[in-house]
$ cat target_3.csv   # CSV, C-alpha atoms
chain,number,residue,atom,x,y,z
E,1,MET,CA,162.4,187.0,99.0
E,2,ALA,CA,160.5,187.5,102.2
E,3,LEU,CA,157.2,187.2,100.2
E,4,LYS,CA,158.4,184.0,98.6
E,5,ARG,CA,159.3,182.6,102.0
E,6,ARG,CA,155.9,183.4,103.4
E,7,ASN,CA,154.2,181.7,100.4
E,8,GLN,CA,156.2,178.6,101.0
E,9,GLN,CA,155.4,178.6,104.7
E,10,ASN,CA,151.7,179.1,103.9
E,11,ARG,CA,151.7,176.2,101.4
E,12,ALA,CA,153.5,174.0,104.0
E,13,GLY,CA,150.9,175.0,106.6
E,14,SER,CA,148.1,174.4,104.2
E,15,GLY,CA,149.5,170.9,103.3
E,16,GLN,CA,149.8,170.0,107.0
E,17,GLN,CA,146.2,171.1,107.6
E,18,THR,CA,145.1,169.0,104.6
E,19,LYS,CA,146.9,166.1,106.0
E,20,ASN,CA,145.4,166.6,109.4
E,21,CYS,CA,141.9,167.0,107.9
E,22,ARG,CA,142.3,163.8,105.9
E,23,PHE,CA,143.5,162.0,109.0
E,24,LYS,CA,140.5,163.2,110.9
E,25,MET,CA,138.2,162.2,108.1
E,26,ALA,CA,139.7,158.7,107.9
E,27,ARG,CA,139.5,158.3,111.7
E,28,ALA,CA,135.9,159.4,111.6
E,29,ALA,CA,135.2,157.0,108.7
E,30,ILE,CA,136.8,154.2,110.7
E,31,SER,CA,134.8,155.1,113.7
E,32,CYS,CA,131.6,155.1,111.7
E,33,THR,CA,132.4,151.8,110.1
E,34,ALA,CA,133.1,150.3,113.5
E,35,LEU,CA,129.9,151.7,114.8
E,36,PHE,CA,127.9,150.3,111.9
E,37,ALA,CA,129.7,147.0,112.4
E,38,VAL,CA,128.7,147.0,116.1
E,39,ILE,CA,125.1,147.9,115.2
E,40,ALA,CA,125.1,145.1,112.5
E,41,VAL,CA,126.4,142.6,115.0
E,42,HIS,CA,123.7,143.5,117.5
E,43,GLN,CA,121.0,143.4,114.8
E,44,PHE,CA,122.3,140.0,113.7
E,45,ARG,CA,122.3,138.7,117.2
E,46,ALA,CA,118.7,140.0,117.7
E,47,VAL,CA,117.5,138.5,114.5
E,48,ALA,CA,119.2,135.2,115.3
E,49,SER,CA,117.7,135.2,118.8
E,50,PHE,CA,114.3,135.9,117.4
E,51,CYS,CA,114.7,133.1,114.8
E,52,ARG,CA,115.8,130.7,117.5
E,53,GLY,CA,112.8,131.7,119.6
E,54,GLN,CA,110.5,131.2,116.6
E,55,VAL,CA,112.0,127.8,115.9
E,56,ALA,CA,111.6,126.8,119.5
E,57,LEU,CA,108.1,128.0,119.5
E,58,LEU,CA,107.4,126.0,116.3
E,59,HIS,CA,108.9,122.9,117.8
E,60,GLN,CA,106.8,123.4,121.0
E,61,ARG,CA,103.7,123.9,118.9
E,62,GLN,CA,104.4,120.8,116.9
E,63,LYS,CA,104.9,118.8,120.0
E,64,CYS,CA,101.6,120.1,121.4
E,65,GLU,CA,99.8,119.2,118.2
E,66,GLU,CA,101.4,115.8,118.2
E,67,SER,CA,100.4,115.3,121.8
E,68,ILE,CA,96.8,116.4,121.0
E,69,SER,CA,96.8,114.1,117.9
E,70,ILE,CA,98.1,111.1,119.9
E,71,LEU,CA,95.6,111.8,122.6
E,72,SER,CA,92.8,112.1,120.1
E,73,ALA,CA,93.8,108.9,118.4
E,74,LYS,CA,94.0,107.0,121.7
E,75,SER,CA,90.6,108.3,122.9
E,76,SER,CA,88.6,108.1,119.7
E,77,LEU,CA,87.5,104.5,120.3
E,78,GLU,CA,88.1,104.2,124.0
E,79,PRO,CA,85.1,104.6,126.2
E,80,SER,CA,84.9,107.3,128.8
E,81,PRO,CA,82.0,108.7,130.9
E,82,SER,CA,81.3,111.2,128.1
E,83,GLN,CA,82.1,109.0,125.1
E,84,PRO,CA,80.3,106.1,123.5
E,85,SER,CA,81.7,102.6,124.0
E,86,TYR,CA,83.7,100.6,121.5
E,87,TYR,CA,80.6,98.7,120.6
E,88,GLN,CA,78.6,101.8,120.0
E,89,CYS,CA,81.4,103.3,117.8
E,90,LEU,CA,81.5,100.0,115.8
E,91,LEU,CA,77.7,100.1,115.3
E,92,ARG,CA,77.8,103.7,114.1
E,93,ARG,CA,80.2,102.7,111.3
E,94,PHE,CA,78.8,99.3,110.5
E,95,GLN,CA,75.9,100.5,108.3
E,96,GLY,CA,75.3,102.0,104.9
E,97,ASP,CA,76.9,101.3,101.5
E,98,PHE,CA,80.5,100.6,100.5
E,99,ASP,CA,82.0,100.0,97.1
E,100,ASN,CA,85.5,99.2,95.7
E,101,TYR,CA,85.2,100.6,92.2
E,102,ASN,CA,88.2,102.9,92.6
E,103,GLN,CA,90.4,99.9,93.6
E,104,VAL,CA,89.3,98.0,90.6
E,105,VAL,CA,90.2,100.9,88.3
E,106,GLN,CA,93.7,100.9,89.8
E,107,ASP,CA,93.9,97.2,89.3
E,108,ARG,CA,92.9,97.3,85.6
E,109,ARG,CA,95.4,100.2,84.9
E,110,ARG,CA,98.1,97.8,86.1
E,111,GLY,CA,96.8,95.0,84.0
E,112,LEU,CA,95.4,93.0,87.0
E,113,LEU,CA,92.3,91.0,86.2
E,114,PRO,CA,90.2,89.1,88.8
E,115,ALA,CA,91.0,85.7,90.1
E,116,GLU,CA,94.3,84.3,88.7
E,117,GLY,CA,95.1,87.8,87.3
E,118,GLY,CA,95.7,89.1,90.8
E,119,GLY,CA,93.0,91.8,90.6
E,120,HIS,CA,89.7,92.3,92.4
E,121,GLU,CA,86.1,91.9,91.4
E,122,HIS,CA,83.9,95.0,91.5
E,123,ILE,CA,81.8,94.4,94.7
E,124,HIS,CA,79.4,96.5,96.7
E,125,CYS,CA,78.4,95.9,100.3
E,126,THR,CA,75.1,97.2,101.8
E,127,LEU,CA,74.6,97.0,105.6
E,128,VAL,CA,71.1,97.7,107.0
E,129,PRO,CA,70.8,97.7,110.8
E,130,CYS,CA,67.5,96.6,112.3
E,131,PRO,CA,65.6,99.8,113.4
E,132,LYS,CA,65.0,100.4,117.0
E,133,PHE,CA,61.4,101.1,118.1
E,134,ARG,CA,62.6,103.7,120.6
E,135,ASP,CA,65.7,105.9,120.7
E,136,GLU,CA,67.9,104.5,123.5
E,137,GLN,CA,69.2,107.2,125.8
E,138,ASN,CA,70.7,105.1,128.5
E,139,ASN,CA,73.9,104.1,126.6
E,140,VAL,CA,73.3,100.5,127.4
E,141,ASP,CA,74.9,98.2,124.8
E,142,GLU,CA,72.2,96.0,123.2
E,143,GLU,CA,72.3,93.3,120.6
E,144,GLN,CA,71.9,94.5,117.0
E,145,TRP,CA,70.7,92.6,113.9
E,146,VAL,CA,72.2,93.8,110.5
E,147,ILE,CA,71.2,92.6,107.0
E,148,ALA,CA,74.2,92.4,104.7
E,149,ALA,CA,74.0,92.1,100.9
E,150,PHE,CA,77.0,91.8,98.5
E,151,TYR,CA,76.5,92.4,94.8
E,152,LEU,CA,78.7,92.7,91.7
E,153,ASN,CA,79.3,95.4,89.1
E,154,GLY,CA,77.4,98.1,90.8
E,155,ASN,CA,74.1,96.2,90.1
E,156,PRO,CA,71.8,95.5,93.1
E,157,LYS,CA,70.1,92.8,91.0
E,158,GLN,CA,73.4,90.8,91.0
E,159,ILE,CA,73.4,90.0,94.7
E,160,PHE,CA,75.7,87.0,95.2
E,161,ARG,CA,75.5,86.8,99.0
E,162,PHE,CA,72.8,87.7,101.6
E,163,ARG,CA,73.7,87.4,105.3
E,164,MET,CA,72.1,88.2,108.6
E,165,TYR,CA,74.6,89.4,111.2
E,166,ARG,CA,73.9,89.4,114.9
E,167,MET,CA,76.1,91.8,116.8
E,168,ILE,CA,76.6,90.9,120.4
E,169,PRO,CA,78.4,93.2,122.8
E,170,SER,CA,80.8,92.0,125.4
E,171,ASP,CA,79.2,90.2,128.3
E,172,ASP,CA,81.7,91.7,130.8
E,173,PRO,CA,80.2,93.1,134.0
E,174,VAL,CA,79.2,96.8,134.1
E,175,ASN,CA,78.8,99.2,136.9
E,176,SER,CA,75.8,101.3,137.9
E,177,ASN,CA,76.6,103.8,135.1
E,178,GLY,CA,76.5,101.1,132.4
E,179,GLU,CA,80.3,101.3,132.1
E,180,CYS,CA,82.3,98.1,131.4
E,181,VAL,CA,84.6,97.4,134.4
E,182,SER,CA,86.8,95.1,132.3
E,183,SER,CA,89.2,95.9,129.5
E,184,ASN,CA,87.7,93.1,127.4
E,185,ASN,CA,85.3,94.8,125.0
E,186,ILE,CA,85.3,92.2,122.3
E,187,VAL,CA,82.2,92.3,120.1
E,188,ARG,CA,80.9,89.0,118.7
E,189,LEU,CA,79.4,88.9,115.2
E,190,LYS,CA,77.4,85.8,114.4
E,191,LEU,CA,76.7,84.9,110.8
E,192,HIS,CA,73.4,83.6,109.5
E,193,THR,CA,71.9,82.7,106.1
E,194,LEU,CA,68.4,83.8,105.2
E,195,SER,CA,65.6,81.3,104.7
E,196,PRO,CA,65.0,80.6,101.0
E,197,GLU,CA,61.6,82.4,101.2
E,198,LEU,CA,63.1,85.5,102.8
E,199,ASP,CA,66.0,85.5,100.4
E,200,GLN,CA,63.7,85.4,97.4
E,201,VAL,CA,61.5,88.2,98.7
E,202,LEU,CA,64.4,90.6,99.2
E,203,ARG,CA,66.0,89.7,95.9
E,204,SER,CA,62.9,89.9,93.7
E,205,ASN,CA,60.8,92.6,95.4
E,206,CYS,CA,63.2,95.3,96.8
E,207,SER,CA,66.8,94.6,96.0
E,208,GLU,CA,67.3,98.3,95.1
E,209,GLN,CA,65.4,99.6,98.2
E,210,PRO,CA,67.4,98.3,101.1
E,211,TRP,CA,65.7,100.8,103.5
E,212,THR,CA,62.6,98.6,103.2
E,213,TRP,CA,64.2,95.3,103.9
E,214,TRP,CA,63.3,95.2,107.6
E,215,ASN,CA,59.7,95.9,106.8
E,216,GLU,CA,59.7,92.9,104.6
E,217,VAL,CA,61.3,90.7,107.3
E,218,TYR,CA,58.8,91.9,109.9
E,219,ASN,CA,55.9,91.3,107.6
E,220,MET,CA,57.0,87.8,106.8
E,221,TRP,CA,57.3,87.0,110.5
E,222,SER,CA,54.1,88.7,111.6
E,223,LYS,CA,52.0,86.7,109.0
E,224,THR,CA,53.0,83.5,110.6
E,225,ASN,CA,52.8,84.9,114.1
E,226,PRO,CA,49.6,87.0,114.3
E,227,ASP,CA,48.9,88.9,117.5
E,228,GLU,CA,46.3,91.6,117.9
E,229,THR,CA,46.6,92.1,121.6
E,230,ASN,CA,50.2,93.5,122.0
E,231,SER,CA,51.3,96.9,121.0
E,232,LEU,CA,53.7,97.5,118.1
E,233,ASN,CA,56.3,98.3,120.7
E,234,ASP,CA,56.0,94.9,122.4
E,235,ARG,CA,55.7,93.2,119.0
E,236,TRP,CA,58.8,94.8,117.7
E,237,ASP,CA,60.8,93.7,120.8
E,238,GLU,CA,59.5,90.2,120.4
E,239,PHE,CA,60.4,90.3,116.7
E,240,GLN,CA,64.0,91.3,117.4
E,241,SER,CA,64.5,88.8,120.3
E,242,GLU,CA,62.7,85.8,118.9
E,243,GLY,CA,61.2,86.4,115.5
E,244,VAL,CA,64.4,87.0,113.4
E,245,LEU,CA,65.9,83.7,114.6
E,246,LYS,CA,63.0,81.9,113.0
E,247,LEU,CA,63.8,83.3,109.6
E,248,VAL,CA,67.6,82.6,109.5
E,249,SER,CA,70.1,79.7,110.0
E,250,LEU,CA,73.3,80.0,112.0
E,251,LEU,CA,76.6,79.4,110.2
E,252,ASN,CA,78.4,77.3,112.9
E,253,GLY,CA,82.1,78.0,113.5
E,254,CYS,CA,82.1,81.3,111.5
E,255,ASP,CA,81.9,83.8,114.3
E,256,VAL,CA,83.9,87.0,113.8
E,257,LEU,CA,85.4,88.9,116.8
E,258,TRP,CA,85.9,92.7,116.8
E,259,ASN,CA,88.6,93.3,119.3
E,260,PRO,CA,89.8,96.8,120.3
E,261,GLU,CA,93.1,95.1,121.4
E,262,TRP,CA,93.8,93.6,117.9
E,263,ASP,CA,96.9,91.8,116.9
E,264,GLN,CA,98.9,93.5,114.1
E,265,THR,CA,100.2,90.1,112.8
E,266,ASN,CA,96.6,89.2,111.8
E,267,HIS,CA,96.3,92.4,109.7
E,268,SER,CA,99.7,92.6,107.9
E,269,TYR,CA,97.9,94.1,104.9
E,270,LEU,CA,97.7,97.4,106.8
E,271,TYR,CA,101.4,97.9,106.4
E,272,GLN,CA,101.9,96.8,102.8
E,273,ASP,CA,101.7,98.6,99.5
E,274,ASP,CA,99.1,97.0,97.2
E,275,TYR,CA,101.3,97.0,94.1
E,276,ASP,CA,104.9,97.4,95.2
E,277,LYS,CA,106.2,95.2,98.0
E,278,SER,CA,109.5,97.1,98.1
E,279,ALA,CA,107.7,100.4,98.8
E,280,ALA,CA,107.5,102.0,102.2
E,281,PRO,CA,104.6,100.7,104.3
E,282,SER,CA,101.5,102.9,104.3
E,283,ASP,CA,101.0,102.5,108.0
E,284,LYS,CA,97.2,102.8,107.4
E,285,ALA,CA,96.5,101.4,110.9
E,286,GLN,CA,98.0,104.4,112.6
E,287,SER,CA,96.7,107.1,110.3
E,288,GLU,CA,93.2,106.9,111.7
E,289,LYS,CA,91.6,104.8,114.4
E,290,ALA,CA,89.9,101.7,113.0
E,291,CYS,CA,88.0,98.7,114.2
E,292,HIS,CA,89.6,95.3,113.3
E,293,ALA,CA,88.2,91.8,113.4
E,294,THR,CA,89.3,88.2,112.8
E,295,MET,CA,87.5,84.9,112.8
E,296,GLU,CA,87.2,83.2,116.2
E,297,ALA,CA,88.6,80.1,114.5
E,298,GLY,CA,92.0,81.9,114.2
E,299,PRO,CA,94.3,82.5,111.2
E,300,ASP,CA,93.9,78.8,110.0
E,301,GLY,CA,90.2,79.5,109.2
E,302,VAL,CA,87.4,77.0,109.3
E,303,ILE,CA,85.9,74.5,106.9
E,304,VAL,CA,82.2,74.8,106.1
E,305,ASP,CA,79.8,73.5,103.6
E,306,SER,CA,79.2,76.0,100.8
E,307,ILE,CA,75.7,77.2,100.5
E,308,SER,CA,75.6,80.0,98.0
E,309,MET,CA,78.7,79.6,95.8
E,310,ILE,CA,79.0,75.9,95.2
E,311,PRO,CA,76.2,74.0,97.0
E,312,GLY,CA,77.5,70.8,98.6
E,313,LYS,CA,81.2,71.8,98.3
E,314,ARG,CA,83.4,72.2,101.3
E,315,ILE,CA,85.3,75.5,101.6
E,316,LEU,CA,88.0,76.6,103.9
E,317,ILE,CA,87.2,80.2,105.0
E,318,LYS,CA,89.7,82.8,106.2
E,319,ASP,CA,88.6,86.3,106.9
E,320,GLU,CA,90.0,89.6,108.4
E,321,LEU,CA,88.1,92.9,108.5
E,322,SER,CA,89.1,96.5,109.1
E,323,LEU,CA,86.5,99.3,109.4
E,324,TRP,CA,87.1,103.0,109.4
E,325,GLU,CA,84.5,105.8,109.3
E,326,ASN,CA,84.4,105.8,105.6
E,327,GLU,CA,86.3,102.7,104.5
E,328,PHE,CA,85.7,99.0,104.9
E,329,TRP,CA,88.4,96.5,104.0
E,330,ILE,CA,87.4,92.9,103.6
E,331,ASN,CA,90.1,90.2,103.3
E,332,ASP,CA,87.8,87.3,102.7
E,333,ARG,CA,89.2,84.2,101.0
E,334,GLY,CA,87.9,80.7,100.3
E,335,TYR,CA,90.0,77.6,99.5
E,336,ASP,CA,89.3,74.1,98.3
E,337,PRO,CA,90.5,71.7,101.0
E,338,ASP,CA,89.6,68.6,98.9
E,339,ASP,CA,91.7,69.6,95.9
E,340,SER,CA,95.0,70.4,97.7
E,341,LYS,CA,98.2,68.6,96.8
E,342,GLU,CA,101.1,68.0,99.1
E,343,GLY,CA,103.7,70.7,98.8
E,344,GLU,CA,101.4,73.1,97.0
E,345,ASP,CA,99.2,75.9,98.1
E,346,MET,CA,95.5,75.1,98.6
E,347,PRO,CA,93.6,76.2,95.5
E,348,TYR,CA,91.5,79.4,95.7
E,349,VAL,CA,87.8,79.3,95.4
E,350,TYR,CA,87.3,83.1,95.8
E,351,GLY,CA,89.2,86.1,97.2
E,352,ASN,CA,92.3,88.0,96.0
E,353,ARG,CA,95.2,85.8,95.1
E,354,ARG,CA,97.8,88.5,96.2
E,355,GLY,CA,96.3,88.7,99.7
E,356,VAL,CA,95.1,92.3,99.2
E,357,PRO,CA,91.8,93.1,100.8
E,358,TYR,CA,88.8,94.3,99.0
E,359,LYS,CA,89.0,98.0,99.8
E,360,LEU,CA,85.5,99.5,99.8
E,361,GLU,CA,84.8,103.2,100.2
E,362,ARG,CA,81.7,104.5,101.9
E,363,VAL,CA,79.0,105.6,99.4
E,364,ALA,CA,76.0,106.2,101.7
E,365,CYS,CA,74.7,106.0,105.3
E,366,MET,CA,71.5,104.5,106.6
E,367,LYS,CA,69.6,106.8,108.9
E,368,SER,CA,66.3,107.1,110.6
E,369,VAL,CA,63.6,109.2,109.0
E,370,ASN,CA,62.8,112.6,110.5
E,371,THR,CA,59.1,113.5,110.8
E,372,ASP,CA,57.5,116.9,110.2
E,373,GLU,CA,57.3,117.4,114.0
E,374,GLY,CA,61.1,117.1,114.3
E,375,THR,CA,61.1,113.7,115.9
E,376,ARG,CA,62.5,110.5,114.4
E,377,ASN,CA,60.5,107.6,113.1
E,378,LEU,CA,62.9,105.0,114.2
E,379,LEU,CA,61.2,102.2,112.3
E,380,GLU,CA,61.7,103.9,108.9
E,381,LEU,CA,65.1,104.2,107.3
E,382,ARG,CA,66.5,106.5,104.6
E,383,ARG,CA,69.6,106.3,102.5
E,384,GLU,CA,71.9,109.4,102.6
E,385,VAL,CA,74.5,109.6,99.9
E,386,ILE,CA,77.8,111.1,101.1
E,387,ASN,CA,80.0,110.2,98.1
E,388,PRO,CA,78.4,111.5,94.8
E,389,LEU,CA,81.2,110.1,92.7
E,390,LEU,CA,80.1,106.5,93.6
E,391,GLU,CA,76.4,107.2,93.8
E,392,TRP,CA,75.9,105.4,90.5
E,393,THR,CA,76.7,102.1,92.2
E,394,LEU,CA,73.5,102.2,94.2
E,395,GLY,CA,71.2,101.2,91.3
E,396,ASN,CA,69.1,102.5,88.5
E,397,ASP,CA,67.5,105.3,90.6
E,398,TYR,CA,70.9,106.9,91.0
E,399,ARG,CA,72.2,106.8,87.4
E,400,THR,CA,71.3,106.9,83.8
E,401,PRO,CA,71.8,103.9,81.5
E,402,GLU,CA,74.5,105.8,79.6
E,403,LEU,CA,76.4,106.6,82.8
E,404,TYR,CA,76.3,103.0,83.9
E,405,GLN,CA,77.6,101.7,80.5
E,406,GLN,CA,80.4,104.4,80.6
E,407,LYS,CA,81.5,103.2,84.1
E,408,LEU,CA,81.6,99.6,83.0
E,409,PHE,CA,83.5,100.5,79.8
E,410,GLU,CA,86.1,102.3,81.8
E,411,LEU,CA,87.0,99.1,83.6
E,412,GLU,CA,87.1,97.2,80.3
E,413,ALA,CA,89.1,99.9,78.5
E,414,THR,CA,91.8,100.2,81.2
$ encode --input "target_3.csv" --output "structure tokens"
Amino acid sequence: MALKRRNQQNRAGSGQQTKNCRFKMARAAISCTALFAVIAVHQFRAVASFCRGQVALLHQRQKCEESISILSAKSSLEPSPSQPSYYQCLLRRFQGDFDNYNQVVQDRRRGLLPAEGGGHEHIHCTLVPCPKFRDEQNNVDEEQWVIAAFYLNGNPKQIFRFRMYRMIPSDDPVNSNGECVSSNNIVRLKLHTLSPELDQVLRSNCSEQPWTWWNEVYNMWSKTNPDETNSLNDRWDEFQSEGVLKLVSLLNGCDVLWNPEWDQTNHSYLYQDDYDKSAAPSDKAQSEKACHATMEAGPDGVIVDSISMIPGKRILIKDELSLWENEFWINDRGYDPDDSKEGEDMPYVYGNRRGVPYKLERVACMKSVNTDEGTRNLLELRREVINPLLEWTLGNDYRTPELYQQKLFELEAT
């Protein structure tokens, strides 16, 4: 009996010890769980704090980048002691070759044909500045002559318009450093037609070699103005200041003004989608600094006598221009003022019926020739292609007959 009682006591003691052990293990487990929970909370707080810090840093970096972007956009065309003037920035862009082939492809894919169809003609613009005899280092803004040619279908032999542009910088007073002391930096562009003799020479002899055009102009002038006493330097200065004017005729009332303080209402096409008026505006004007121009006559345009398109016909001309580093938008329209009816829009003579500019992309630049000695021969020019995909629009020397036919077929097929 005593043995049995001891066994019962031992089992009771053992059960109590088991209970105590389980209780201790449960309490230890709870303690560990609580500890892990505390650690997890601290880790979560640390991670959250780190993430908040990274987000704040990202926002700060974005603000800095936006500030830098805005600062760069504001200063890209504004003159400063270490930057070129607005006029010089304009001249650096206003040269070379531009073409709207890609725009025409998009038109045709949407079924838009030229004229009444609402599409664009395929046009190419070549701008050739008159070379300078010497490389100007004094940053003084000087007048600049530019020969402009416009042709169709990527064919330099289909020139439909030759013009001589005279770029005139602002006549605002400047200080001793050559810096304009006024905010008015408007650049005047005066339009001239070429004499019939000069027009014929450029068309027939060298339409596909625009880098030689100024040599042809100079040779024509020098033949009628021989002078063996002055140096080429003096002769070239005389040629630019007086000689060119003898070979061109001014188009009165057609001056174009490039204004750094341009009016957005005159360039509404910058904020419109070309094919969907309900689409969000592209805001092209703010995506990159551009130079913008309008006619001095204002948005109502000016009536002139047609010379090249319909000789003897009066045409109402309206024009707005936008020039980026590698794009040139030309919103040139002509209307017939003598065939308008009351209550109806004036009939178009040329230009896009939907009011969408001809959007030309840069194909090439015009640059001075570098000599073997490392200096620049400023009287010789060379063409430097920067867009190989549009190189074929420069003429037969830049394409095969098969490639040219393929490009034209693509427009007809689409």
$ closest_residue --input "target_3.csv" --among "E:Leu247, E:Ile307, E:Ile186, E:Leu270" --to "Met164 (chain E)" --atoms "all atoms listed in the file"
E:Leu247
$ residues_around --input "target_3.csv" --residues "region 288-298 of chain E" --least-positions-apart "4" --cutoff "6 Å" --atoms "all atoms listed in the file" --output "compact mmCIF listing (two decimals) with C-alpha atoms, in the coordinates of the input"
# COMPACT_ATOMS: atom_id res chain seq x y z
CA ASP E 255 81.90 83.80 114.30
CA VAL E 256 83.90 87.00 113.80
CA LEU E 257 85.40 88.90 116.80
CA TRP E 258 85.90 92.70 116.80
CA GLU E 320 90.00 89.60 108.40
CA LEU E 321 88.10 92.90 108.50
CA SER E 322 89.10 96.50 109.10
CA LEU E 323 86.50 99.30 109.40
CA TRP E 324 87.10 103.00 109.40
$ closest_residue --input "target_3.csv" --among "E:Ser340, E:Asn230, E:Gln240, E:Gln144" --to "Arg92 (chain E)" --atoms "all atoms listed in the file"
E:Gln144
$ residues_around --input "target_3.csv" --residues "Asn219 (chain E)" --least-positions-apart "2" --cutoff "12 Å" --atoms "all atoms listed in the file" --output "list in words"
Leu198, Val201, Leu202, Thr212, Trp213, Trp214, Asn215, Glu216, Val217, Trp221, Ser222, Lys223, Thr224, Asn225, Pro226, Arg235, Trp236, Phe239, Gly243, Val244 and Leu247 of chain E
$ write_last_selection --input "target_3.csv" --atoms "C-alpha atoms" --output "short mmCIF file (atom, residue, chain, number, x, y, z; two decimals), in the coordinates of the input"
data_model
loop_
_atom_site.label_atom_id
_atom_site.label_comp_id
_atom_site.auth_asym_id
_atom_site.auth_seq_id
_atom_site.Cartn_x
_atom_site.Cartn_y
_atom_site.Cartn_z
CA LEU E 198 63.10 85.50 102.80
CA VAL E 201 61.50 88.20 98.70
CA LEU E 202 64.40 90.60 99.20
CA THR E 212 62.60 98.60 103.20
CA TRP E 213 64.20 95.30 103.90
CA TRP E 214 63.30 95.20 107.60
CA ASN E 215 59.70 95.90 106.80
CA GLU E 216 59.70 92.90 104.60
CA VAL E 217 61.30 90.70 107.30
CA TRP E 221 57.30 87.00 110.50
CA SER E 222 54.10 88.70 111.60
CA LYS E 223 52.00 86.70 109.00
CA THR E 224 53.00 83.50 110.60
CA ASN E 225 52.80 84.90 114.10
CA PRO E 226 49.60 87.00 114.30
CA ARG E 235 55.70 93.20 119.00
CA TRP E 236 58.80 94.80 117.70
CA PHE E 239 60.40 90.30 116.70
CA GLY E 243 61.20 86.40 115.50
CA VAL E 244 64.40 87.00 113.40
CA LEU E 247 63.80 83.30 109.60
#
$ closest_atom_pairs --input "target_3.csv" --of "region 79-145 of chain E" --to "region 404-407 of chain E" --cutoff "12 Å" --atoms "only C-alpha atoms" --output "tab-separated table"
residue	atom	partner	partner_atom	distance
E:Tyr101	CA	E:Lys407	CA	9.3
E:Asn102	CA	E:Lys407	CA	10.8
E:Val104	CA	E:Lys407	CA	11.4
E:Val105	CA	E:Lys407	CA	9.9
E:His122	CA	E:Lys407	CA	11.3
$ atom_distance --input "target_3.csv" --atom1 "CA of Glu238 (chain E)" --atom2 "CA of Leu250 (chain E)"
19.1 Å
$ residues_around --input "target_3.csv" --residues "Tyr165 (chain E)" --least-positions-apart "5" --cutoff "12 Å" --atoms "only C-alpha atoms" --output "count of residues only"
30
$ atom_distance --input "target_3.csv" --atom1 "CA of Phe160 (chain E)" --atom2 "CA of Glu121 (chain E)"
12.1 Å
$ residues_around --input "target_3.csv" --residues "Tyr87 (chain E)" --least-positions-apart "2" --cutoff "10 Å" --atoms "all atoms listed in the file" --output "PyMOL selection string"
chain E and resi 77-79+84-85+89-92+141-143+167-170+185-188+258-260+291
$ write_last_selection --input "target_3.csv" --atoms "C-alpha atoms" --output "mmCIF file, in the coordinates of the input"
data_model
loop_
_atom_site.group_PDB
_atom_site.id
_atom_site.type_symbol
_atom_site.label_atom_id
_atom_site.label_comp_id
_atom_site.auth_asym_id
_atom_site.auth_seq_id
_atom_site.Cartn_x
_atom_site.Cartn_y
_atom_site.Cartn_z
ATOM 1 C CA LEU E 77 87.500 104.500 120.300
ATOM 2 C CA GLU E 78 88.100 104.200 124.000
ATOM 3 C CA PRO E 79 85.100 104.600 126.200
ATOM 4 C CA PRO E 84 80.300 106.100 123.500
ATOM 5 C CA SER E 85 81.700 102.600 124.000
ATOM 6 C CA CYS E 89 81.400 103.300 117.800
ATOM 7 C CA LEU E 90 81.500 100.000 115.800
ATOM 8 C CA LEU E 91 77.700 100.100 115.300
ATOM 9 C CA ARG E 92 77.800 103.700 114.100
ATOM 10 C CA ASP E 141 74.900 98.200 124.800
ATOM 11 C CA GLU E 142 72.200 96.000 123.200
ATOM 12 C CA GLU E 143 72.300 93.300 120.600
ATOM 13 C CA MET E 167 76.100 91.800 116.800
ATOM 14 C CA ILE E 168 76.600 90.900 120.400
ATOM 15 C CA PRO E 169 78.400 93.200 122.800
ATOM 16 C CA SER E 170 80.800 92.000 125.400
ATOM 17 C CA ASN E 185 85.300 94.800 125.000
ATOM 18 C CA ILE E 186 85.300 92.200 122.300
ATOM 19 C CA VAL E 187 82.200 92.300 120.100
ATOM 20 C CA ARG E 188 80.900 89.000 118.700
ATOM 21 C CA TRP E 258 85.900 92.700 116.800
ATOM 22 C CA ASN E 259 88.600 93.300 119.300
ATOM 23 C CA PRO E 260 89.800 96.800 120.300
ATOM 24 C CA CYS E 291 88.000 98.700 114.200
#
$ atom_distance --input "target_3.csv" --atom1 "CA of Lys246 (chain E)" --atom2 "CA of Ser195 (chain E)"
8.7 Å
$ closest_residue --input "target_3.csv" --among "E:Arg333, E:Lys157, E:Arg399, E:Arg382" --to "Pro131 (chain E)" --atoms "all atoms listed in the file"
E:Arg382
$ closest_residue --input "target_3.csv" --among "E:Asn352, E:Thr393, E:Ser241, E:Ser278" --to "Gln158 (chain E)" --atoms "all atoms listed in the file"
E:Thr393
